[in-house]
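Undergrad: Dropping in upload-v5.csv, with CSV, C-alpha atoms.
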chain,number,residue,atom,x,y,z
A,1,ALA,CA,-17.0,5.1,2.3
A,2,GLN,CA,-14.6,3.0,4.2
A,3,SER,CA,-11.8,4.2,6.4
A,4,VAL,CA,-9.1,2.8,8.5
A,5,THR,CA,-7.3,4.1,11.6
A,6,GLN,CA,-4.0,3.1,13.1
A,7,PRO,CA,-3.9,4.9,16.4
A,8,ASP,CA,-0.2,4.4,17.2
A,9,ILE,CA,2.2,6.4,15.1
A,10,HIS,CA,5.3,4.9,16.7
A,11,ILE,CA,5.8,1.9,19.0
A,12,THR,CA,9.0,0.7,20.6
A,13,VAL,CA,9.4,-2.8,22.0
A,14,SER,CA,12.3,-4.8,23.3
A,15,GLU,CA,13.6,-7.7,21.3
A,16,GLY,CA,11.9,-10.9,22.4
A,17,ALA,CA,8.8,-9.1,23.7
A,18,SER,CA,5.3,-9.5,22.4
A,19,LEU,CA,3.8,-7.0,20.0
A,20,GLU,CA,0.3,-5.8,19.1
A,21,LEU,CA,-0.3,-3.2,16.5
A,22,ARG,CA,-3.8,-1.7,16.4
A,23,CYS,CA,-6.1,-1.2,13.4
A,24,ASN,CA,-9.7,0.0,13.4
A,25,TYR,CA,-11.9,0.2,10.4
A,26,SER,CA,-15.1,1.9,9.5
A,27,TYR,CA,-17.5,0.2,7.1
A,28,GLY,CA,-21.1,-0.9,7.2
A,29,ALA,CA,-20.6,-4.4,6.0
A,30,THR,CA,-17.8,-7.0,6.4
A,31,PRO,CA,-14.7,-5.7,4.8
A,32,TYR,CA,-11.6,-7.5,3.6
A,33,LEU,CA,-8.5,-6.5,5.5
A,34,PHE,CA,-4.8,-6.7,5.0
A,35,TRP,CA,-1.6,-6.0,6.9
A,36,TYR,CA,1.6,-4.9,5.0
A,37,VAL,CA,5.1,-4.2,6.1
A,38,GLN,CA,7.5,-1.7,4.6
A,39,SER,CA,11.3,-1.5,5.1
A,40,PRO,CA,12.9,2.0,4.5
A,41,GLY,CA,13.0,2.8,0.8
A,42,GLN,CA,11.2,-0.3,-0.2
A,43,GLY,CA,7.8,-1.3,-1.4
A,44,LEU,CA,5.1,-2.9,0.7
A,45,GLN,CA,5.1,-6.7,1.5
A,46,LEU,CA,1.9,-8.5,2.3
A,47,LEU,CA,1.9,-10.1,5.8
A,48,LEU,CA,-1.6,-11.5,5.9
A,49,LYS,CA,-5.2,-11.0,4.8
A,50,TYR,CA,-8.7,-11.6,6.0
A,51,PHE,CA,-11.5,-12.1,3.6
A,52,SER,CA,-14.0,-14.4,5.4
A,53,GLY,CA,-14.1,-17.4,7.6
A,54,ASP,CA,-11.8,-18.0,10.5
A,55,THR,CA,-11.3,-14.7,12.3
A,56,LEU,CA,-7.7,-15.6,13.4
A,57,VAL,CA,-5.4,-15.3,10.4
A,58,GLN,CA,-1.9,-16.5,10.3
A,59,GLY,CA,0.7,-14.8,8.1
A,60,ILE,CA,4.3,-14.8,7.2
A,61,LYS,CA,7.2,-14.1,9.6
A,62,GLY,CA,5.3,-15.4,12.6
A,63,PHE,CA,2.6,-12.7,12.5
A,64,GLU,CA,-1.1,-13.2,13.1
A,65,ALA,CA,-4.1,-11.0,13.2
A,66,GLU,CA,-7.6,-11.3,14.6
A,67,PHE,CA,-10.7,-9.8,13.0
A,68,LYS,CA,-13.2,-8.7,15.7
A,69,ARG,CA,-16.4,-7.5,14.1
A,70,SER,CA,-17.9,-6.2,17.4
A,71,GLN,CA,-14.9,-3.9,17.8
A,72,SER,CA,-14.3,-3.1,14.1
A,73,SER,CA,-10.7,-4.1,14.7
A,74,PHE,CA,-8.0,-6.2,13.0
A,75,ASN,CA,-5.0,-6.0,15.3
A,76,LEU,CA,-1.7,-7.5,14.3
A,77,ARG,CA,0.3,-9.6,16.8
A,78,LYS,CA,3.5,-11.4,17.2
A,79,PRO,CA,4.5,-13.3,20.4
A,80,SER,CA,8.3,-12.5,20.2
A,81,VAL,CA,9.8,-9.8,18.0
A,82,HIS,CA,13.1,-9.9,16.3
A,83,TRP,CA,15.4,-7.0,15.5
A,84,SER,CA,14.6,-7.6,11.8
A,85,ASP,CA,10.9,-6.8,12.5
A,86,ALA,CA,11.8,-3.1,12.8
A,87,ALA,CA,9.8,-1.4,9.9
A,88,GLU,CA,6.6,0.4,9.2
A,89,TYR,CA,3.3,-1.5,9.2
A,90,PHE,CA,0.2,-0.6,7.3
A,91,CYS,CA,-3.3,-1.8,7.7
A,92,ALA,CA,-5.6,-1.7,4.6
A,93,VAL,CA,-9.3,-2.2,4.1
A,94,GLY,CA,-11.2,-3.1,1.0
A,95,VAL,CA,-14.9,-3.6,0.2
A,96,TYR,CA,-17.0,-5.9,-1.9
A,97,ARG,CA,-16.6,-5.6,-5.7
A,98,ASN,CA,-14.2,-2.6,-5.4
A,99,GLU,CA,-10.6,-2.9,-6.5
A,100,LYS,CA,-9.4,0.0,-4.4
A,101,LEU,CA,-7.9,-0.3,-0.9
A,102,THR,CA,-7.8,2.3,1.8
A,103,PHE,CA,-4.6,2.4,3.8
A,104,GLY,CA,-4.0,3.6,7.3
A,105,THR,CA,-1.3,6.1,8.0
A,106,GLY,CA,1.1,3.4,9.3
A,107,THR,CA,2.8,2.5,12.6
A,108,ARG,CA,6.5,2.6,12.8
A,109,LEU,CA,8.0,-0.2,14.9
A,110,THR,CA,11.4,0.3,16.7
A,111,ILE,CA,13.1,-2.7,18.3
A,112,ILE,CA,15.5,-2.1,21.2
A,113,PRO,CA,18.0,-4.7,22.4
B,1,ASP,CA,10.3,-14.6,-10.9
B,2,GLY,CA,7.1,-12.7,-11.3
B,3,GLY,CA,6.8,-9.2,-9.9
B,4,ILE,CA,6.5,-5.5,-10.4
B,5,THR,CA,9.4,-3.4,-11.7
B,6,GLN,CA,9.5,0.3,-11.1
B,7,SER,CA,12.1,2.5,-12.7
B,8,PRO,CA,14.1,4.6,-12.1
B,9,LYS,CA,14.7,4.2,-8.4
B,10,TYR,CA,15.6,7.9,-8.0
B,11,LEU,CA,14.4,10.7,-10.3
B,12,PHE,CA,15.0,14.4,-10.3
B,13,ARG,CA,12.8,17.0,-11.8
B,14,LYS,CA,13.5,20.6,-12.8
B,15,GLU,CA,10.9,23.3,-12.4
B,16,GLY,CA,8.4,23.2,-15.3
B,17,GLN,CA,9.4,19.8,-16.5
B,18,ASN,CA,7.2,16.7,-16.9
B,19,VAL,CA,8.7,13.4,-15.9
B,20,THR,CA,7.4,9.8,-16.4
B,21,LEU,CA,7.7,7.0,-13.9
B,22,SER,CA,7.7,3.5,-15.3
B,23,CYS,CA,5.8,0.5,-13.9
B,24,GLU,CA,5.9,-3.0,-15.5
B,25,GLN,CA,4.4,-6.2,-14.1
B,26,ASN,CA,4.6,-9.8,-15.3
B,27,LEU,CA,2.0,-11.2,-12.9
B,28,ASN,CA,-0.7,-11.2,-15.5
B,29,HIS,CA,-2.8,-8.9,-13.2
B,30,ASP,CA,-5.7,-7.0,-14.6
B,31,ALA,CA,-5.7,-4.1,-12.1
B,32,MET,CA,-2.8,-1.6,-11.5
B,33,TYR,CA,-2.4,1.3,-9.2
B,34,TRP,CA,-0.3,4.3,-8.5
B,35,TYR,CA,0.2,5.7,-4.9
B,36,ARG,CA,2.0,8.6,-3.5
B,37,GLN,CA,3.6,8.2,-0.1
B,38,ASP,CA,4.5,11.2,2.1
B,39,PRO,CA,5.8,10.9,5.7
B,40,GLY,CA,3.0,10.4,8.2
B,41,GLN,CA,0.3,10.3,5.5
B,42,GLY,CA,0.3,6.6,4.5
B,43,LEU,CA,-0.5,5.8,0.9
B,44,ARG,CA,-2.8,8.0,-1.2
B,45,LEU,CA,-4.2,6.7,-4.5
B,46,ILE,CA,-3.4,8.7,-7.6
B,47,TYR,CA,-4.8,6.7,-10.4
B,48,TYR,CA,-5.9,3.1,-11.0
B,49,SER,CA,-6.8,0.9,-13.9
B,50,GLN,CA,-8.9,-2.2,-14.0
B,51,ILE,CA,-8.4,-3.1,-17.6
B,52,VAL,CA,-6.3,-2.0,-20.6
B,53,ASN,CA,-7.3,1.3,-22.1
B,54,ASP,CA,-9.3,2.3,-19.1
B,55,PHE,CA,-8.3,4.1,-15.9
B,56,GLN,CA,-9.9,6.1,-13.1
B,57,LYS,CA,-8.8,9.0,-10.9
B,58,GLY,CA,-8.0,8.3,-7.3
B,59,ASP,CA,-8.0,10.8,-4.4
B,60,ILE,CA,-5.1,13.0,-5.6
B,61,ALA,CA,-5.1,12.9,-9.4
B,62,GLU,CA,-4.5,16.6,-10.0
B,63,GLY,CA,-1.2,17.2,-11.7
B,64,TYR,CA,-0.7,13.6,-12.8
B,65,SER,CA,-1.6,11.6,-15.9
B,66,VAL,CA,-1.5,7.9,-16.8
B,67,SER,CA,-1.9,5.5,-19.7
B,68,ARG,CA,-2.7,1.8,-20.0
B,69,GLU,CA,-2.0,0.7,-23.5
B,70,LYS,CA,-0.7,-2.7,-22.5
B,71,LYS,CA,-1.7,-5.0,-19.6
B,72,GLU,CA,1.8,-5.1,-18.4
B,73,SER,CA,2.5,-1.4,-18.2
B,74,PHE,CA,1.1,1.5,-16.4
B,75,PRO,CA,3.3,4.6,-16.6
B,76,LEU,CA,2.7,7.7,-14.5
B,77,THR,CA,3.5,11.2,-15.7
B,78,VAL,CA,4.1,13.9,-13.1
B,79,THR,CA,3.3,17.1,-14.9
B,80,SER,CA,4.5,20.6,-14.2
B,81,ALA,CA,1.0,21.3,-12.8
B,82,GLN,CA,1.9,19.2,-9.8
B,83,LYS,CA,3.3,21.9,-7.5
B,84,ASN,CA,4.6,19.6,-4.8
B,85,PRO,CA,5.9,16.5,-6.5
B,86,THR,CA,8.6,15.5,-4.1
B,87,ALA,CA,7.5,12.1,-2.7
B,88,PHE,CA,7.9,8.4,-2.9
B,89,TYR,CA,5.8,6.8,-5.6
B,90,LEU,CA,4.6,3.2,-5.4
B,91,CYS,CA,3.1,1.1,-8.2
B,92,ALA,CA,1.0,-1.9,-7.4
B,93,SER,CA,-1.1,-4.6,-9.2
B,94,SER,CA,-3.7,-7.1,-8.2
B,95,MET,CA,-6.0,-9.8,-9.7
B,96,GLY,CA,-9.0,-7.8,-8.7
B,97,TRP,CA,-11.2,-7.0,-5.8
B,98,GLY,CA,-10.7,-9.1,-2.7
B,99,GLN,CA,-7.2,-9.9,-3.7
B,100,PRO,CA,-4.0,-8.4,-2.2
B,101,GLN,CA,-2.1,-5.8,-4.1
B,102,HIS,CA,1.6,-6.5,-4.9
B,103,PHE,CA,4.0,-3.6,-4.8
B,104,GLY,CA,7.1,-2.5,-6.7
B,105,ASP,CA,10.1,-1.0,-4.8
B,106,GLY,CA,9.1,2.5,-5.5
B,107,THR,CA,10.6,5.6,-7.2
B,108,ARG,CA,11.7,8.6,-5.2
B,109,LEU,CA,11.1,11.9,-7.0
B,110,SER,CA,12.9,15.0,-5.9
B,111,ILE,CA,13.0,18.6,-7.2
B,112,LEU,CA,16.2,20.2,-8.4
Show me this structure written as structure tokens.

TA:
Amino acid sequence: AQSVTQPDIHITVSEGASLELRCNYSYGATPYLFWYVQSPGQGLQLLLKYFSGDTLVQGIKGFEAEFKRSQSSFNLRKPSVHWSDAAEYFCAVGVYRNEKLTFGTGTRLTIIP
Amino acid sequence: DGGITQSPKYLFRKEGQNVTLSCEQNLNHDAMYWYRQDPGQGLRLIYYSQIVNDFQKGDIAEGYSVSREKKESFPLTVTSAQKNPTAFYLCASSMGWGQPQHFGDGTRLSIL
């Protein structure tokens, strides 16, 4: 069965600084991968997805993620964070012909002025 | 606008009472899902349905029940057998495998 790990429970960055959130997955074949963002008391919003092809994926709100098969990783990056990026971020993994997704435990992002 | 509607936003349950959470989608998606979210535990799958009149248990189905009589609707009942129901419940839908899941805004259930 597939699994996903988000090693960082909480990250704090200064506004305008760069950001990288880590996501590692475990699966024998190529998975499909997602990053979602959740504001307090809200549902999850899709930031980007990787299914196949180009390993660098662009998403909404200036986010991007890179799929690295050799490292089983799908890290989320943003060159310059804004205070509105403060939220919880979830990585999710899915596998071929299976409608279910497995979610990581999330990384809470705090932005300081 | 297409989307997923969950109601109510807040729900309170008395001991020994069943409560039903509503989830409606107008995205014409075949698959629908229910998740439970607790602090620090991410999302855990309760039930999911790939087509009308069919559904499967997820990882934490005990104490919950669902129905899928219409494509648009996937209500979740939290029964009195669920001993720790206080949580944030999220409904989602998707077109199928490989496609992203779209989420509602959640229902927060508390015990009186």

Undergrad: Quick one: which residues from chain B are at most 9 Å off chain A, using all atoms listed in the file, as a PyMOL selection string?

TA: chain B and resi 31+33+39-45+48+50+58+88+90-91+94-108

Undergrad: Between B:Thr77, B:Ser49, B:Asn18, B:Gln25, which has the minimum distance to Gly2 in chain B (counting only C-alpha atoms)?

TA: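 Of all the options, B:Gln25 lies closest to Gly2 in chain B.
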
Undergrad: Take CA of Ile11 in chain A and CA of Ile112 in chain A and report the distance between them in Å, one decimal.

TA: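 These atoms are spaced 10.7 Å apart.
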
Undergrad: Which distance in Å separates CA of Gln58 in chain A and CA of Asp85 in chain A, to one decimal?

TA: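 Computing it gives 16.2 Å between the two atoms.
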
Undergrad: Need the shell around Thr5 in chain A: protein/DNA/RNA residues with any atom at most 7 Å away, counting only C-alpha atoms. Skip same-chain ones fewer than 4 positions apart. Format as a list in words?

TA: Cys23, Asn24, Tyr25 and Gly104 of chain A
